[in-house]
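The next block is upload05.pdb, given as PDB, C-alpha atoms and all ligand atoms.
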```pdb
ATOM      1  CA  MET A   1      -3.924  23.563  -5.791
ATOM      2  CA  ALA A   2      -7.561  22.815  -5.001
ATOM      3  CA  ALA A   3      -6.932  19.142  -5.739
ATOM      4  CA  PHE A   4      -3.952  19.080  -3.377
ATOM      5  CA  ALA A   5      -6.043  20.799  -0.699
ATOM      6  CA  TRP A   6      -8.782  18.186  -1.156
ATOM      7  CA  LEU A   7      -6.250  15.398  -0.742
ATOM      8  CA  ARG A   8      -4.859  16.910   2.434
ATOM      9  CA  ARG A   9      -8.342  17.053   3.896
ATOM     10  CA  GLU A  10      -8.862  13.395   3.091
ATOM     11  CA  TRP A  11      -5.575  12.511   4.784
ATOM     12  CA  ASP A  12      -6.484  14.599   7.830
ATOM     13  CA  ARG A  13      -9.666  12.574   8.121
ATOM     14  CA  GLY A  14      -7.576   9.421   8.206
ATOM     15  CA  ASN A  15      -8.547   8.317   4.698
ATOM     16  CA  ASP A  16      -5.215   6.881   3.671
ATOM     17  CA  THR A  17      -6.644   4.582   1.060
ATOM     18  CA  LEU A  18      -9.090   6.101  -1.391
ATOM     19  CA  SER A  19     -11.691   4.257  -3.397
ATOM     20  CA  ARG A  20     -12.036   4.509  -7.167
ATOM     21  CA  THR A  21     -15.548   5.889  -6.651
ATOM     22  CA  ALA A  22     -14.319   8.710  -4.413
ATOM     23  CA  LEU A  23     -11.668   9.656  -6.959
ATOM     24  CA  GLU A  24     -14.125   9.575  -9.824
ATOM     25  CA  GLN A  25     -16.533  11.772  -7.905
ATOM     26  CA  GLY A  26     -13.691  14.118  -7.035
ATOM     27  CA  PHE A  27     -14.574  17.437  -5.464
ATOM     28  CA  GLU A  28     -16.521  20.612  -6.074
ATOM     29  CA  HIS A  29     -14.547  23.627  -7.290
ATOM     30  CA  ARG A  30     -16.069  26.923  -8.429
ATOM     31  CA  GLY A  31     -19.394  25.274  -9.038
ATOM     32  CA  GLN A  32     -17.918  22.420 -11.023
ATOM     33  CA  ARG A  33     -17.090  18.834 -10.232
ATOM     34  CA  VAL A  34     -13.433  18.008 -10.720
ATOM     35  CA  ARG A  35     -12.564  14.364 -11.208
ATOM     36  CA  LEU A  36      -9.219  13.064 -10.016
ATOM     37  CA  VAL A  37      -8.886   9.981 -12.204
ATOM     38  CA  GLY A  38     -10.114   8.904 -15.620
ATOM     39  CA  PRO A  39     -10.152   5.732 -17.694
ATOM     40  CA  GLN A  40      -6.461   6.215 -18.586
ATOM     41  CA  GLY A  41      -3.498   6.317 -16.241
ATOM     42  CA  ILE A  42      -2.408   9.808 -17.258
ATOM     43  CA  PHE A  43      -5.389  11.972 -16.414
ATOM     44  CA  LYS A  44      -6.242  15.578 -17.235
ATOM     45  CA  PRO A  45      -9.573  16.925 -15.975
ATOM     46  CA  ARG A  46     -11.411  19.144 -18.435
ATOM     47  CA  GLN A  47     -10.942  22.156 -16.150
ATOM     48  CA  ILE A  48      -7.193  22.091 -16.793
ATOM     49  CA  LYS A  49      -6.050  23.176 -20.238
ATOM     50  CA  HIS A  50      -2.855  21.333 -20.889
ATOM     51  CA  TYR A  51      -1.134  19.499 -18.058
ATOM     52  CA  PRO A  52      -2.317  16.259 -16.532
ATOM     53  CA  LEU A  53      -3.358  16.343 -12.872
ATOM     54  CA  SER A  54      -2.722  12.759 -11.864
ATOM     55  CA  ILE A  55      -0.987   9.538 -12.834
ATOM     56  CA  THR A  56      -2.402   6.186 -11.735
ATOM     57  CA  THR A  57      -0.835   2.734 -11.644
ATOM     58  CA  THR A  58      -2.631  -0.493 -12.465
ATOM     59  CA  THR A  59      -2.402  -3.850 -10.726
ATOM     60  CA  THR A  60      -1.398  -5.868 -13.761
ATOM     61  CA  GLY A  61       2.068  -6.594 -12.388
ATOM     62  CA  PRO A  62       3.221  -6.962  -8.797
ATOM     63  CA  TYR A  63       4.723  -3.465  -8.548
ATOM     64  CA  THR A  64       5.551  -2.766 -12.180
ATOM     65  CA  ASP A  65       5.134   0.941 -11.891
ATOM     66  CA  SER A  66       6.947   1.439  -8.664
ATOM     67  CA  PRO A  67      10.420   0.327  -7.742
ATOM     68  CA  ASP A  68      13.805   1.107  -9.134
ATOM     69  CA  PRO A  69      16.923  -0.481  -7.651
ATOM     70  CA  SER A  70      18.231   2.747  -6.086
ATOM     71  CA  GLY A  71      14.963   3.319  -4.248
ATOM     72  CA  GLN A  72      15.081   7.027  -5.023
ATOM     73  CA  TYR A  73      12.340   7.164  -7.596
ATOM     74  CA  LEU A  74       9.004   5.801  -8.600
ATOM     75  CA  LEU A  75       8.724   4.613 -12.170
ATOM     76  CA  TYR A  76       5.800   5.342 -14.394
ATOM     77  CA  SER A  77       5.219   3.573 -17.705
ATOM     78  CA  TYR A  78       4.258   5.459 -20.853
ATOM     79  CA  ARG A  79       0.799   5.122 -22.206
ATOM     80  CA  GLY A  80       1.367   2.691 -25.098
ATOM     81  CA  ASN A  81       4.626   2.482 -27.022
ATOM     82  CA  ASP A  82       4.724   5.877 -28.680
ATOM     83  CA  PRO A  83       6.773   8.456 -26.754
ATOM     84  CA  ASP A  84       5.050  11.187 -28.769
ATOM     85  CA  PHE A  85       1.539  10.111 -27.944
ATOM     86  CA  HIS A  86      -0.216  13.253 -26.685
ATOM     87  CA  GLU A  87      -0.665  12.016 -23.112
ATOM     88  CA  ASN A  88       3.010  11.104 -22.863
ATOM     89  CA  ARG A  89       3.968  14.464 -24.333
ATOM     90  CA  ARG A  90       1.848  16.337 -21.830
ATOM     91  CA  LEU A  91       3.330  14.410 -18.966
ATOM     92  CA  ARG A  92       6.791  15.248 -20.326
ATOM     93  CA  ASP A  93       5.797  18.917 -20.353
ATOM     94  CA  THR A  94       5.171  18.774 -16.607
ATOM     95  CA  MET A  95       8.820  17.794 -16.245
ATOM     96  CA  ARG A  96       9.994  20.766 -18.313
ATOM     97  CA  ASP A  97       7.704  23.185 -16.484
ATOM     98  CA  LYS A  98       8.074  21.623 -13.013
ATOM     99  CA  VAL A  99       4.341  21.094 -12.607
ATOM    100  CA  PRO A 100       3.281  19.100  -9.518
ATOM    101  CA  LEU A 101       1.071  16.047  -9.909
ATOM    102  CA  ILE A 102      -0.779  13.464  -7.826
ATOM    103  CA  TYR A 103       0.376   9.848  -7.937
ATOM    104  CA  PHE A 104      -2.214   7.142  -7.293
ATOM    105  CA  PHE A 105      -0.896   3.698  -6.531
ATOM    106  CA  CYS A 106      -3.411   0.894  -6.935
ATOM    107  CA  THR A 107      -2.910  -1.620  -4.101
ATOM    108  CA  VAL A 108      -5.885  -3.865  -4.964
ATOM    109  CA  PRO A 109      -8.490  -3.215  -7.672
ATOM    110  CA  GLY A 110     -10.571  -0.199  -6.696
ATOM    111  CA  GLN A 111      -8.256   0.957  -3.867
ATOM    112  CA  TYR A 112      -5.594   3.628  -4.159
ATOM    113  CA  LEU A 113      -2.868   5.189  -2.120
ATOM    114  CA  ALA A 114      -2.298   8.826  -3.034
ATOM    115  CA  PHE A 115       0.967  10.746  -2.974
ATOM    116  CA  ALA A 116       1.378  14.417  -3.722
ATOM    117  CA  PRO A 117       3.003  16.486  -4.857
ATOM    118  CA  VAL A 118       5.093  14.359  -7.171
ATOM    119  CA  TYR A 119       7.214  15.599 -10.038
ATOM    120  CA  VAL A 120       8.317  13.938 -13.234
ATOM    121  CA  VAL A 121      12.086  14.253 -13.044
ATOM    122  CA  GLY A 122      13.302  11.886 -15.742
ATOM    123  CA  ASP A 123      12.283  10.423 -19.074
ATOM    124  CA  ASP A 124      13.527   7.157 -20.568
ATOM    125  CA  PRO A 125      12.115   6.729 -24.094
ATOM    126  CA  ARG A 126      13.943   3.401 -24.520
ATOM    127  CA  ALA A 127      12.344   1.817 -21.480
ATOM    128  CA  LEU A 128       9.122   3.711 -22.272
ATOM    129  CA  ARG A 129       8.823   5.200 -18.834
ATOM    130  CA  PHE A 130       9.186   8.270 -16.688
ATOM    131  CA  THR A 131      10.977   8.700 -13.413
ATOM    132  CA  VAL A 132       8.893  10.297 -10.690
ATOM    133  CA  SER A 133       9.957  11.885  -7.434
ATOM    134  CA  VAL A 134       7.849  12.666  -4.361
ATOM    135  CA  ASP A 135       8.102  15.984  -2.547
ATOM    136  CA  ASP A 136       6.446  17.714   0.409
ATOM    137  CA  PHE A 137       3.673  20.273   0.304
ATOM    138  CA  VAL A 138       6.049  23.094   1.172
ATOM    139  CA  SER A 139       7.613  22.660  -2.261
ATOM    140  CA  LEU A 140       4.376  23.939  -3.776
ATOM    141  CA  GLU A 141       4.864  27.309  -2.158
ATOM    142  CA  TYR A 142       8.577  27.966  -2.135
ATOM    143  CA  ALA A 143      11.069  27.551  -4.902
ATOM    144  CA  ARG A 144      14.223  26.197  -3.312
ATOM    145  CA  ASP A 145      17.717  25.289  -4.276
ATOM    146  CA  ASP A 146      17.778  22.447  -6.794
ATOM    147  CA  SER A 147      20.426  20.368  -5.034
ATOM    148  CA  ASP A 148      18.379  20.454  -1.807
ATOM    149  CA  ASP A 149      15.398  19.349  -3.861
ATOM    150  CA  ALA A 150      17.136  16.184  -5.005
ATOM    151  CA  ILE A 151      18.159  15.158  -1.478
ATOM    152  CA  ARG A 152      14.801  15.906   0.082
ATOM    153  CA  ARG A 153      12.922  14.209  -2.721
ATOM    154  CA  GLY A 154      15.131  11.139  -2.616
ATOM    155  CA  TYR A 155      14.433  10.795   1.100
ATOM    156  CA  LYS A 156      10.721  11.414   0.724
ATOM    157  CA  THR A 157      10.419   8.988  -2.181
ATOM    158  CA  ARG A 158      12.117   6.198  -0.250
ATOM    159  CA  GLN A 159       9.605   6.683   2.558
ATOM    160  CA  VAL A 160       6.763   6.574   0.065
ATOM    161  CA  ARG A 161       8.034   3.359  -1.481
ATOM    162  CA  GLN A 162       8.083   1.758   1.930
ATOM    163  CA  ARG A 163       4.486   2.898   2.511
ATOM    164  CA  ILE A 164       3.499   1.463  -0.868
ATOM    165  CA  HIS A 165       4.942  -1.924  -0.008
ATOM    166  CA  GLN A 166       3.355  -2.019   3.441
ATOM    167  CA  GLN A 167      -0.035  -0.869   2.260
ATOM    168  CA  ALA A 168      -0.049  -3.116  -0.803
ATOM    169  CA  PHE A 169       0.801  -6.071   1.452
ATOM    170  CA  ARG A 170      -1.943  -5.154   3.907
ATOM    171  CA  ASP A 171      -4.630  -4.576   1.267
ATOM    172  CA  ARG A 172      -3.791  -7.757  -0.625
ATOM    173  CA  VAL A 173      -3.699  -9.956   2.479
ATOM    174  CA  LEU A 174      -6.936  -8.518   3.886
ATOM    175  CA  LYS A 175      -8.653  -8.927   0.546
ATOM    176  CA  ALA A 176      -7.535 -12.569   0.283
ATOM    177  CA  TYR A 177      -9.027 -13.241   3.737
ATOM    178  CA  ARG A 178     -12.190 -11.235   2.952
ATOM    179  CA  GLU A 179     -11.323  -8.848   5.740
ATOM    180  CA  ARG A 180     -11.582 -11.392   8.526
ATOM    181  CA  CYS A 181      -9.236 -12.465  11.280
ATOM    182  CA  SER A 182      -8.059 -15.944  10.331
ATOM    183  CA  VAL A 183      -8.127 -17.001  14.004
ATOM    184  CA  CYS A 184     -11.384 -15.547  15.377
ATOM    185  CA  ARG A 185     -13.152 -14.380  12.149
ATOM    186  CA  LEU A 186     -13.627 -10.848  13.450
ATOM    187  CA  LYS A 187     -14.805  -8.815  10.504
ATOM    188  CA  HIS A 188     -13.765  -5.208  11.077
ATOM    189  CA  ALA A 189     -11.013  -4.006   8.748
ATOM    190  CA  ARG A 190      -9.971  -1.265  11.167
ATOM    191  CA  LEU A 191      -9.169  -3.897  13.769
ATOM    192  CA  LEU A 192      -7.235  -6.100  11.358
ATOM    193  CA  ASP A 193      -3.571  -6.267  10.442
ATOM    194  CA  ALA A 194      -1.654  -8.136   7.810
ATOM    195  CA  ALA A 195       0.834 -10.124   9.865
ATOM    196  CA  HIS A 196       3.993 -11.607   8.418
ATOM    197  CA  ILE A 197       4.522 -15.325   8.933
ATOM    198  CA  VAL A 198       8.266 -15.090   8.428
ATOM    199  CA  PRO A 199       9.191 -11.563   9.625
ATOM    200  CA  ASP A 200      10.027  -9.045   6.905
ATOM    201  CA  ALA A 201      13.509  -8.499   8.325
ATOM    202  CA  ASP A 202      14.191 -12.131   7.430
ATOM    203  CA  GLU A 203      15.469 -13.228   4.040
ATOM    204  CA  SER A 204      12.318 -15.158   3.113
ATOM    205  CA  GLY A 205      10.017 -12.643   4.750
ATOM    206  CA  ASP A 206       8.647 -11.484   1.408
ATOM    207  CA  PRO A 207       5.635  -9.186   1.363
ATOM    208  CA  ILE A 208       3.506 -11.702  -0.532
ATOM    209  CA  VAL A 209       0.071 -12.969   0.422
ATOM    210  CA  SER A 210       1.294 -16.531   1.113
ATOM    211  CA  ASN A 211       3.660 -15.094   3.729
ATOM    212  CA  GLY A 212       0.821 -13.187   5.333
ATOM    213  CA  LEU A 213      -2.050 -13.761   7.723
ATOM    214  CA  SER A 214      -5.022 -11.542   8.321
ATOM    215  CA  LEU A 215      -5.167 -11.179  12.102
ATOM    216  CA  CYS A 216      -7.089  -8.897  14.445
ATOM    217  CA  LYS A 217      -4.971  -6.637  16.635
ATOM    218  CA  ILE A 218      -5.186  -8.978  19.635
ATOM    219  CA  HIS A 219      -4.296 -12.091  17.679
ATOM    220  CA  HIS A 220      -1.552 -10.298  15.786
ATOM    221  CA  ALA A 221       0.096  -9.185  19.027
ATOM    222  CA  ALA A 222      -0.485 -12.614  20.575
ATOM    223  CA  PHE A 223       1.023 -14.362  17.536
ATOM    224  CA  ASP A 224       4.071 -12.094  17.559
ATOM    225  CA  GLY A 225       4.381 -12.509  21.326
ATOM    226  CA  ALA A 226       4.309 -16.321  20.995
ATOM    227  CA  TYR A 227       1.077 -16.749  22.995
ATOM    228  CA  PHE A 228       0.211 -19.257  20.334
ATOM    229  CA  GLY A 229       1.777 -20.840  17.301
ATOM    230  CA  ILE A 230       0.303 -22.092  14.030
ATOM    231  CA  ARG A 231       1.389 -25.484  12.748
ATOM    232  CA  PRO A 232       1.932 -26.091   9.020
ATOM    233  CA  ASP A 233      -1.411 -27.962   8.967
ATOM    234  CA  TYR A 234      -3.045 -24.677  10.086
ATOM    235  CA  ARG A 235      -3.789 -25.914  13.600
ATOM    236  CA  ILE A 236      -3.363 -23.471  16.499
ATOM    237  CA  VAL A 237      -1.300 -24.423  19.531
ATOM    238  CA  VAL A 238      -1.694 -22.161  22.590
ATOM    239  CA  ARG A 239       1.146 -21.900  25.094
ATOM    240  CA  PRO A 240       0.508 -24.168  28.135
ATOM    241  CA  ASP A 241       0.909 -21.404  30.743
ATOM    242  CA  ILE A 242      -1.775 -19.361  28.956
ATOM    243  CA  LEU A 243      -4.080 -22.385  28.973
ATOM    244  CA  ALA A 244      -3.566 -22.784  32.704
ATOM    245  CA  GLU A 245      -4.392 -19.172  33.546
ATOM    246  CA  GLU A 246      -7.704 -18.030  34.962
ATOM    247  CA  ASP A 247      -9.190 -14.737  33.909
ATOM    248  CA  GLY A 248     -12.081 -13.033  32.110
ATOM    249  CA  PRO A 249     -13.817 -13.675  28.754
ATOM    250  CA  MET A 250     -11.072 -12.274  26.532
ATOM    251  CA  LEU A 251      -8.592 -14.824  27.806
ATOM    252  CA  LYS A 252     -11.139 -17.603  27.735
ATOM    253  CA  HIS A 253     -12.709 -17.050  24.319
ATOM    254  CA  GLY A 254      -9.923 -15.116  22.658
ATOM    255  CA  LEU A 255      -6.964 -17.278  23.603
ATOM    256  CA  GLN A 256      -7.785 -20.509  25.427
ATOM    257  CA  GLU A 257     -10.641 -21.692  23.230
ATOM    258  CA  ILE A 258      -8.682 -21.235  20.004
ATOM    259  CA  ASN A 259      -6.313 -24.001  21.090
ATOM    260  CA  GLY A 260      -6.539 -26.922  18.690
ATOM    261  CA  THR A 261      -8.780 -25.088  16.201
ATOM    262  CA  LYS A 262      -7.757 -24.442  12.627
ATOM    263  CA  ILE A 263      -7.204 -21.023  11.158
ATOM    264  CA  VAL A 264      -9.479 -19.939   8.310
ATOM    265  CA  VAL A 265      -7.511 -19.647   5.073
ATOM    266  CA  PRO A 266      -8.365 -18.125   1.676
ATOM    267  CA  GLY A 267     -10.216 -20.258  -0.852
ATOM    268  CA  GLN A 268      -7.600 -19.551  -3.474
ATOM    269  CA  VAL A 269      -4.777 -22.042  -3.016
ATOM    270  CA  GLY A 270      -1.984 -19.635  -4.026
ATOM    271  CA  SER A 271      -3.086 -17.166  -1.345
ATOM    272  CA  ARG A 272      -3.024 -19.680   1.506
ATOM    273  CA  PRO A 273      -0.245 -19.542   4.094
ATOM    274  CA  ASP A 274       2.845 -21.277   2.821
ATOM    275  CA  PRO A 275       3.338 -24.438   5.000
ATOM    276  CA  GLU A 276       7.138 -24.138   4.786
ATOM    277  CA  ARG A 277       7.072 -20.633   6.130
ATOM    278  CA  LEU A 278       4.595 -21.681   8.841
ATOM    279  CA  GLU A 279       6.929 -24.480   9.800
ATOM    280  CA  ARG A 280       9.859 -22.106  10.163
ATOM    281  CA  ARG A 281       7.796 -19.803  12.293
ATOM    282  CA  TYR A 282       6.455 -22.691  14.350
ATOM    283  CA  GLU A 283       9.982 -23.910  15.047
ATOM    284  CA  SER A 284      10.889 -20.615  16.654
ATOM    285  CA  PHE A 285       7.654 -20.777  18.669
ATOM    286  CA  SER A 286       8.547 -24.282  19.928
ATOM    287  CA  GLU A 287      12.048 -23.134  20.806
ATOM    288  CA  GLN A 288      10.608 -20.391  22.982
ATOM    289  CA  LEU A 289       8.380 -22.935  24.709
ATOM    290  CA  ASN A 290      11.322 -25.077  25.653
ATOM    291  CA  HIS A 291      13.256 -22.264  27.276
TER     292      HIS A 291
HETATM  293 ZN    ZN A 301      -8.776 -12.411  15.956
END
```

Same coordinates, now as structure tokens:
Amino acid sequence: MAAFAWLRREWDRGNDTLSRTALEQGFEHRGQRVRLVGPQGIFKPRQIKHYPLSITTTTTGPYTDSPDPSGQYLLYSYRGNDPDFHENRRLRDTMRDKVPLIYFFCTVPGQYLAFAPVYVVGDDPRALRFTVSVDDFVSLEYARDDSDDAIRRGYKTRQVRQRIHQQAFRDRVLKAYRERCSVCRLKHARLLDAAHIVPDADESGDPIVSNGLSLCKIHHAAFDGAYFGIRPDYRIVVRPDILAEEDGPMLKHGLQEINGTKIVVPGQVGSRPDPERLERRYESFSEQLNH
């Protein structure tokens, strides 16, 4: 319960993403330091006798530990291949005894999104993985009807999965661009967004880095509002009526002077904006110009 309370305080402070260091340092409880993660994914601090406290994903696969087709659950792989390995057994015991846990999702190395409380609700020894469901904090205090549990948890878990995808996209794009706006190079993560090149509602609007751009809030809104477009050769084209306007420094430096410049792209080729997607986006920008 102290760990859940600590997490809530972090969330209240606006710390949505937690660093590995913060989780390793953990918090002070009854004169002792309680860690929240360990070297292994299934983690039990020494202050707890039997049950694990947290489960943590790795970034080895794109989202290997998260989605299932129904969207109702998170998936969590066994440690190793032996279902009877002690860590797997202990995690299974939390299912039997309905013990709440914390789920840490690694978005980029060293950065985690936390969800709690989560419950292990299924076990698949053939696929070597558990099924995990997210619940709200109220569930820690009141035992409720089981059928309500399933509906509420299904809803909550779908929301969480959406958060995971958004945050993973944001963290991966910002990391690829070294936390800079690709138009103006502003270097404050709080003022940056991961923008989609092809919108996510679209069929090819995948949440992958090559469909993303790190943009500051102003340039994100301006890009989405078609104040400027980006050609497949990475050159910026500002709308003619914006170029003709007269106003203060934000318009001048922020919008007019970027015309004809090239966006800054990641050094790693695979992370650079996909020219085909840029072209599609640029076509819709040109269409708006001609109307
Ligand atoms: Zn910018």

Nearest to ligand ZN 301 (chain A) by atom-to-atom distance, counting only C-alpha atoms and all ligand atoms, from A:Tyr119, A:Phe137, A:Phe27, A:Phe223: A:Phe223

Find the residues around Asn259 of chain A up to 6 Å (only C-alpha atoms counted), leave out those fewer than 2 positions away in its own chain, and share them as a VMD selection string. chain A and resid 236 to 238 256 to 257 261

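Inspection of the environment of ligand ZN 301 (chain A), which uses all atoms listed in the file and a cut-off of 7 Å, identifies the neighbouring residues as Cys181, Ser182, Val183, Cys184, Arg185, Leu186, Leu215, Cys216, Lys217, Ile218 and His219 of chain A.
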
Just so the selection is clear, what residues does the PyMOL selection byres (((chain A and resi 24) around 8) and not hetatm) cover here, as a PyMOL selection string? chain A and resi 20-23+25-26+35-38

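Distance annotation: of A:Ile55, A:Val265, A:Leu289, A:Ile151, the residue with the minimal separation from Asn88 of chain A is A:Ile55; atom set is only C-alpha atoms.
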
Show me, as a PDB file with C-alpha atoms, in the coordinates of the input, the residues that have an atom within 7 Å of Pro52 of chain A when counting only C-alpha atoms, minus same-chain residues fewer than 2 positions from it.
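The file below, result15.pdb, is the result:
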```
ATOM      1  CA  ILE A  42      -2.408   9.808 -17.258  1.00  0.00           C
ATOM      2  CA  PHE A  43      -5.389  11.972 -16.414  1.00  0.00           C
ATOM      3  CA  LYS A  44      -6.242  15.578 -17.235  1.00  0.00           C
ATOM      4  CA  HIS A  50      -2.855  21.333 -20.889  1.00  0.00           C
ATOM      5  CA  SER A  54      -2.722  12.759 -11.864  1.00  0.00           C
ATOM      6  CA  ARG A  90       1.848  16.337 -21.830  1.00  0.00           C
ATOM      7  CA  LEU A  91       3.330  14.410 -18.966  1.00  0.00           C
TER       8      LEU A  91
END
```

Please provide the set of residues having any atom within 9 Å of Lys98 of chain A, restricted to all atoms listed in the file, with same-chain residues fewer than 2 positions apart removed, written as a ChimeraX atom specification. /A:93-96,100,119-121

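One distance worth recording is that between atom CA of Ile197 of chain A and atom CA of Phe105 of chain A, which is 25.1 Å.
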
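Closest approach to Leu18 of chain A from the set A:Asp171, A:Asp233, A:Asp193, A:Asp200 is made by A:Asp171, with distances taken over all atoms listed in the file.
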
Skipping near chain neighbours, those fewer than 3 positions away, what residues fall within 9 Å of Ile164 of chain A using only C-alpha atoms, listed as number ranges by chain? A: 66, 105, 107, 113, 159-161, 167-169

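As for atom CA of Ile102 of chain A and atom CA of Ala114 of chain A, they are spaced 6.8 Å apart.
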
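Each of A:Gly254, A:Pro207, A:Pro266, A:Gly260 was checked against Arg180 of chain A using all atoms listed in the file; the smallest atom-to-atom distance is that of A:Pro266.
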
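Separating atom CA of Arg33 of chain A from atom CA of Ser19 of chain A is a distance of 17.0 Å.
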
Selection in question (the file shown): the PyMOL selection byres (((chain A and resi 67-83) around 8) and not hetatm). Which residues does it include, as number ranges by chain? A: 41-42, 57, 63-66, 84-85, 87-89, 125, 128-134, 153-155, 157-158, 161

Ranking A:Ser214, A:Asp206, A:Pro273, A:Gln40 by minimum distance to Arg172 of chain A and counting only C-alpha atoms, which one comes first? A:Ser214

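Residues in contact with Leu140 of chain A at up to 9 Å, not including ones fewer than 3 positions away on its chain and judged by all atoms listed in the file, are Met1, Pro100, Pro117, Asp135, Asp136, Phe137 and Ala143 of chain A.
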